[in-house]
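What follows is a single structure, written as structure tokens, with notes after it.
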Amino acid sequence: MSAPGKRAAPSPMPGDPTTSPALAKDFGVTADEWKRLTETLGRLPTYAELGVVSVMWSEHCSYKSSRVHLRRLPTTGPRVVQGPGENAGAVDIGDGWCAVFKMESHNHPSFIAPYQGAATGVGGILRDVFTMGARPIASLNSLRFGRPDHPRTPELMRGVVAGIGGYGNCIGVPTVGGEVQFDASYDGNILVNAFTVGTARSKDLFFGLAKGIGNSVLYVGARTGRDGIHGATMASAEFDAASEKKLPTVQVGDPFMEKLLLEACLEIFAKNCLEGVQDMGAAGLTSSSVEMAARSGNGLELDLDAIPRRTRALSPYEMLLSESQERMLMVAKPGREHEVLEVCEKWGLDAAVVGKVTDTGRFICKATPGYDPFDDASAPKQPVTVVDLPIGLLTDDAPKYERPMSEPKAPAPLASNTVELGDEPARVERLLGFLASPNIGSRRWIWRQYDHVVRDGTVLGPGQSDAAVVRAFCEEGGEKFLALAVDCNGRHVELDAFQGAAMAVAECARNIVCSGGEPLGLTDCLNFASPEKPETMWRIAKAIDGIAAMCTNLDVPVVSGNVSLYNETDGRPILPTPTVAIVGQLRSVDDRVGIAFRAAGDSILELGPTSKGNLAGSEWQVQQDGKPLGTCVGIDLEMEKKVQALVLALAREHVLQSAHDVSDGGLFVCIAESAIAGHLGAHIEGAEKDLAPWLAEEPSRVVVSVRPENTTVVEELAAEHGVPCRRLGIVGGHRLTLDHVGTFGVDALVDAHASALRPIVGD
Amino acid sequence: MNIAVVQFPGSNADWDALHTARDVLGAKARYVFHRSTDLGAVDAVIIPGGFSYGDYLRSGAIARFSPIVPAVRAFAERGGPVIGICNGFQILTEMGLLPGALTRNAHLRFECRDVHVRVEGRGAFTDGIEPGTVLRLPIAHADGRYHADERTLRELVDQGRIAFRYTADPGARERLPANPNGSALDIAGIYNAKGNVLGMMPHPERASEAILGNADGFRLFESLRTHLGRAA
């Protein structure tokens, strides 16, 4: 290995511009970063090298603003099989099997090209999971759109939903749940976060390693085109009015190709002929090569002439930065390359040996100037070095920032915290209208466009339970039942980043226990505005602390995740949105619990602290004031833990007829949804006249229904757990009556609920 | 009982079919890859749902040219029971084993939900079910709108070959159209003239276990078992 500085400079390709600080700036590389780069290299980078450095140093790939804070997340535990740092995380689900999962954002591409942006977001997360050797079994998504009456909302929503469906439905992985919120802060910057879970034998997991000096590097899957060049850089910048010109940076998805890739990969993995594998996601060929080499402490050399391509005259710069979808990079065990190629032939996939693992610690790319396989008169292959960069410079030694932080000023207090709606007909009308609002009512227009039943594993699907319950077929390990949920309410995070993020984790875990599962591990997607604003950076740090505190409190380790920053347009930031998804497990499928009221005569009880009627950050409050105001409702860590332990114990005792946590829209919406799902009314007694406690969104509350003879069982167990428990009323009839509030026909509730998205998407 | 599940590269309900036939029905079920030209020893064939070859052209239009198709056709012509579900139905029409075509849903969206179908025509997969029985089954398709010319429709009616028609949910809670895709005559599934080849859009193999909240679809598999028992 020669000393740095004495290496021959790589050759610029004919036609490539000379690099300069100005060009670097266009690529998102700051003046300081440029200085650091040129000083380290002792020369100017080539055009291709600058491209490589700019994507590897982008926020999206390097986590340069968040890295110092992410260290505070708890990532270990007895069930953790794989923590953060790999393509996906994994938790043990028994009998040698594990659940492999991750969540990823595809926010910026989805705003520019909603269908393709969302579709390739799904494609990317599926690849992250099957790259680990796991067969994907279910997906979720978390979506944020602008206000319902914003002119772009209908088109964005139609495109995103069709894109998610178009990809997931074709490849045959059920989309079993998710969440969506509309808020003016997302008018110019929607969020599309996609989650996938798969299952594998823990001993058969694959990692992104480039081990074994001299081993062949193989390219498998779709051919390389010009789509998505600089996608990672685009995802690391703010938007402005000119952003729609960035259309060519959005990738185009082919779910059929991905299906072939999935089947071929699982077949290749089963042969045990690989040292490592990684998908070509953000920053494509570059990041997959560099990250695999970095994890193994090796170097990697690519022969760009051998890259399968779909278009003419691709330059090294374009090949290295393309984010064409459905591609994998593999490192074969010595002499086993042909096994990979044979499986690819069976599935009709392109595959080629494109490089080798080296001991140089450098990322070296060679290419023949002017070579083009599509051109009969092409120059003969005489490759020269076009990229020669130290792996460390692109990974561990990439810039890391401790950006300045400052506490945002406290939100304005609420003008009023009581809700008076006039006489009973007026109250009923207003509350039915509230139930029909886009943030509250049914999401069926969305999930009916997703195949949520393929693979015969959907035990409780969308709308049936607080968490989806899916069956995983684990061969010799038998059938296992996983609970899946995704949550975040950015309004509470806006009011208090620590409390709001802790509440997101708590709600997600609460959804898991309400379905009968025990939370095992968490993945997150931290969606924030520009970290270069000290107030935003403060929120990022506090939100991470809030997630860490609640994860520690509930013993739920963080095993994977993703950070999406610069979510703002023309200086208007999104609500801070640290979305979390949790994978839980049911001991037995008989433990499952849905939200629907089941039988007339059942007792309805509320577990957890009674509402104090603090409307801050609630849907009701935001509808009145236009934005979240007031003092965040906050969360009591200890109480949350007790409530969840109680609900899980009750589920495992098979006492619960239904369970539904109190969240968006408060207690009124919670009870109405159980009535709607079960098509059964209820009589709720002794309600107060002020409606605020019906609409406030204080956490740590669950409404359950039980057979009448089990009422005292619940009360006794609640007392043992130290959880307040109050009788609310009785299930039955075709009307929902709330004393002192009003009486609602169940059919009227059903219709109002079903109509929620109609103002946006029609039908 | 040997059941072959034909596996195209883009089949995605192949597992659903294999699992139901093998683990729920208790048959000897196996995949037959589309590149094969031989079904092997087999008593019934399932052409599962999915996107055969990506279906970027017309659903099932490329599948009809695949190597396994002649073997399926020969098996069907010998009277062997063949069921095509969803994409499988589309492929059977493209192969010409069933008349008509499946076109884009009237509302132009992919739709996944439970529908109700009334059992009408008699054949290998419904002999054991009382005509008029209403089954609840899930659909998941974008191209499920059955279309055929007037003469064909009349023939289907006259010969009792309409296996299932969409019908209203007897306990309707939500006001949804009974016919989810605009199919002619509310057709959800049809038989060939001999009654051994069935194509249907709803997925009985995704509604064959209590654990999935619905076992109505298993009636078709039980019917097949009875049919094969009688034939043996």
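Labels for the structure tokens follow display order: chains A, B, ..., residues from 1 in each chain, ligands from 1.
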
Sort by chain and increasing residue number a table of all residues of chain A within 6 Å of chain B, each with its closest pair of atoms and their distance in Å to one decimal, counting only C-alpha atoms, and write it as a Markdown table.
| residue | atom | partner | partner_atom | distance |
| --- | --- | --- | --- | --- |
| A:Gly172 | CA | B:Asn12 | CA | 4.9 |
| A:Phe256 | CA | B:Gly54 | CA | 4.8 |
| A:Arg448 | CA | B:Cys112 | CA | 4.8 |
| A:Gln449 | CA | B:Glu111 | CA | 4.9 |
| A:Asp451 | CA | B:Cys112 | CA | 5.5 |
| A:Arg455 | CA | B:Asp16 | CA | 5.3 |
| A:Asp456 | CA | B:Arg206 | CA | 5.5 |
| A:Val459 | CA | B:Leu212 | CA | 4.9 |

**OP:** Pull the helix (DSSP H, G or I) assignments for segment 348-451 of chain A out of DSSP run on the backbone, and list those residues as a VMD selection string.
**Re:** chain A and resid 391 to 394 424 to 435 444 to 447

Original post:
Using only C-alpha atoms, which of the listed residues (B:Ile91, B:Ala101, B:Met201, B:Ala172) sits closest to Val72 of chain B?
Top reply: B:Ile91

Subject >> Surrounding residues of segment 96-113 of chain A excluding itself and chain neighbours under 2 positions, 7 Å, only C-alpha atoms, as JSON, numbers by chain >> reply: {"A": [88, 89, 90, 91, 92, 93, 94, 115, 116, 117, 118, 121, 125, 129, 134, 160, 189, 190, 191, 192, 193, 194, 195, 196, 197, 198, 199, 200, 201, 202, 235, 244, 247, 250, 523, 524, 525, 560, 561, 562, 564]}

**OP:** Quick one: everything within 6 Å of segment 85-90 of chain B, counting only C-alpha atoms, minus sequence neighbours fewer than 2 positions away in the same chain. Send it as a ChimeraX atom specification.
**Re:** /B:47-50,60,92-93,199-201

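When the distance limit is 7 Å and only C-alpha atoms are what count, the residues near Pro519 of chain A, minus those fewer than 5 positions from it on the same chain, are Ala509, Ile512, Val556, Ile582, Val583, Gly584 and Gln585 of chain A.
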
Might you pull out every residue within 7 Å of Thr46 of chain A, with only C-alpha atoms counted and same-chain residues fewer than 4 positions away left off, and present them as a tab-separated table (two decimals) with C-alpha atoms, in the first residue's frame?
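So result27.tsv came out as:
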chain	number	residue	atom	x	y	z
A	12	PRO	CA	-10.46	12.58	-15.73
A	19	THR	CA	-13.91	20.28	-10.28
A	50	LEU	CA	-16.54	14.60	-6.39

Original post:
Quick one: residues within 12 Å of Leu637 of chain A, only C-alpha atoms counted, chain neighbours fewer than 6 positions away excluded, as a ChimeraX atom specification?
Top reply: /A:499,502-503,505-507,546-555,643-644,699-700

Selection file, C-alpha atoms, as a PDB file, in the first residue's frame:
ATOM      1  CA  GLN A 499     -42.602  14.549  25.475  1.00  0.00           C
ATOM      2  CA  ALA A 502     -41.830   9.739  24.011  1.00  0.00           C
ATOM      3  CA  MET A 503     -45.588   9.752  23.406  1.00  0.00           C
ATOM      4  CA  VAL A 505     -43.090   5.449  21.182  1.00  0.00           C
ATOM      5  CA  ALA A 506     -45.617   4.898  23.965  1.00  0.00           C
ATOM      6  CA  GLU A 507     -48.587   4.987  21.619  1.00  0.00           C
ATOM      7  CA  GLY A 546     -37.623  11.288  24.263  1.00  0.00           C
ATOM      8  CA  ILE A 547     -37.480   8.127  22.130  1.00  0.00           C
ATOM      9  CA  ALA A 548     -34.533   6.875  24.173  1.00  0.00           C
ATOM     10  CA  ALA A 549     -36.298   7.531  27.474  1.00  0.00           C
ATOM     11  CA  MET A 550     -39.503   5.720  26.507  1.00  0.00           C
ATOM     12  CA  CYS A 551     -37.683   2.840  24.794  1.00  0.00           C
ATOM     13  CA  THR A 552     -35.622   2.322  27.950  1.00  0.00           C
ATOM     14  CA  ASN A 553     -38.743   2.613  30.089  1.00  0.00           C
ATOM     15  CA  LEU A 554     -40.605  -0.024  28.082  1.00  0.00           C
ATOM     16  CA  ASP A 555     -37.578  -2.227  27.319  1.00  0.00           C
ATOM     17  CA  VAL A 643     -50.935   0.460  31.798  1.00  0.00           C
ATOM     18  CA  GLN A 644     -49.193  -1.553  29.099  1.00  0.00           C
ATOM     19  CA  PRO A 699     -51.815   9.390  26.663  1.00  0.00           C
ATOM     20  CA  SER A 700     -51.691   6.172  28.730  1.00  0.00           C
TER      21      SER A 700
END

Subject >> Proximity to Ser59 of chain B - best of B:Val45, B:Asn179, B:Val82, B:Leu102, only C-alpha atoms >> reply: B:Leu102

**OP:** Would you mind writing down, as an NGL selection string, each residue of segment 434-574 of chain A that DSSP on the backbone assigns to strand (DSSP E)?
**Re:** :A and (458-460 or 468-473 or 479-487 or 518-527 or 558-564 or 568-569 or 572-573)

Pull the closest atom pair for each residue of segment 62-155 of chain B that gets at most 9 Å from segment 184-188 of chain B, along with the distance in Å to one decimal, counting only C-alpha atoms, ordering rows by chain and then ascending residue number, as a tab-separated table.
residue	atom	partner	partner_atom	distance
B:Val117	CA	B:Ala188	CA	7.2
B:Gly144	CA	B:Ala188	CA	8.3
B:Arg145	CA	B:Ala184	CA	7.3
B:Tyr146	CA	B:Ala184	CA	5.7
B:His147	CA	B:Ala184	CA	5.8
B:Ala148	CA	B:Ala184	CA	7.6
B:Leu153	CA	B:Leu185	CA	8.1

Let's have the selection written as a CSV table (one decimal), in the first residue's frame, with C-alpha atoms.
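What follows is the written file part06.csv:
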chain,number,residue,atom,x,y,z
B,117,VAL,CA,-70.9,-14.2,-4.1
B,144,GLY,CA,-61.4,-8.0,-12.6
B,145,ARG,CA,-64.3,-6.6,-14.8
B,146,TYR,CA,-65.5,-9.6,-16.7
B,147,HIS,CA,-66.4,-8.8,-20.3
B,148,ALA,CA,-67.8,-11.0,-23.1
B,153,LEU,CA,-72.9,-14.2,-22.0

Subject >> Given only C-alpha atoms as the counted atoms, nearest of B:Asp158, B:Arg225, B:Asp149, B:Arg136 to Pro202 of chain B >> reply: B:Arg136

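With only C-alpha atoms as the atoms that count, the residue of A:Glu715, A:Asp591, A:Glu698, A:Asp388 with the shortest distance to Leu605 of chain A is A:Glu715.
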
Original post:
Which of these, A:Arg135, A:Arg327, A:Arg310, A:His721, has the shortest distance to Glu267 of chain A once you count only C-alpha atoms?
Top reply: A:Arg135

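If only C-alpha atoms are the atoms counted, then among B:Arg161, B:Arg64, B:His116, B:Arg122 the closest residue to Pro180 of chain B is B:His116.
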
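The gap separating atom CA of Val220 of chain A from atom CA of Leu393 of chain A is 27.0 Å, in Å to one decimal.
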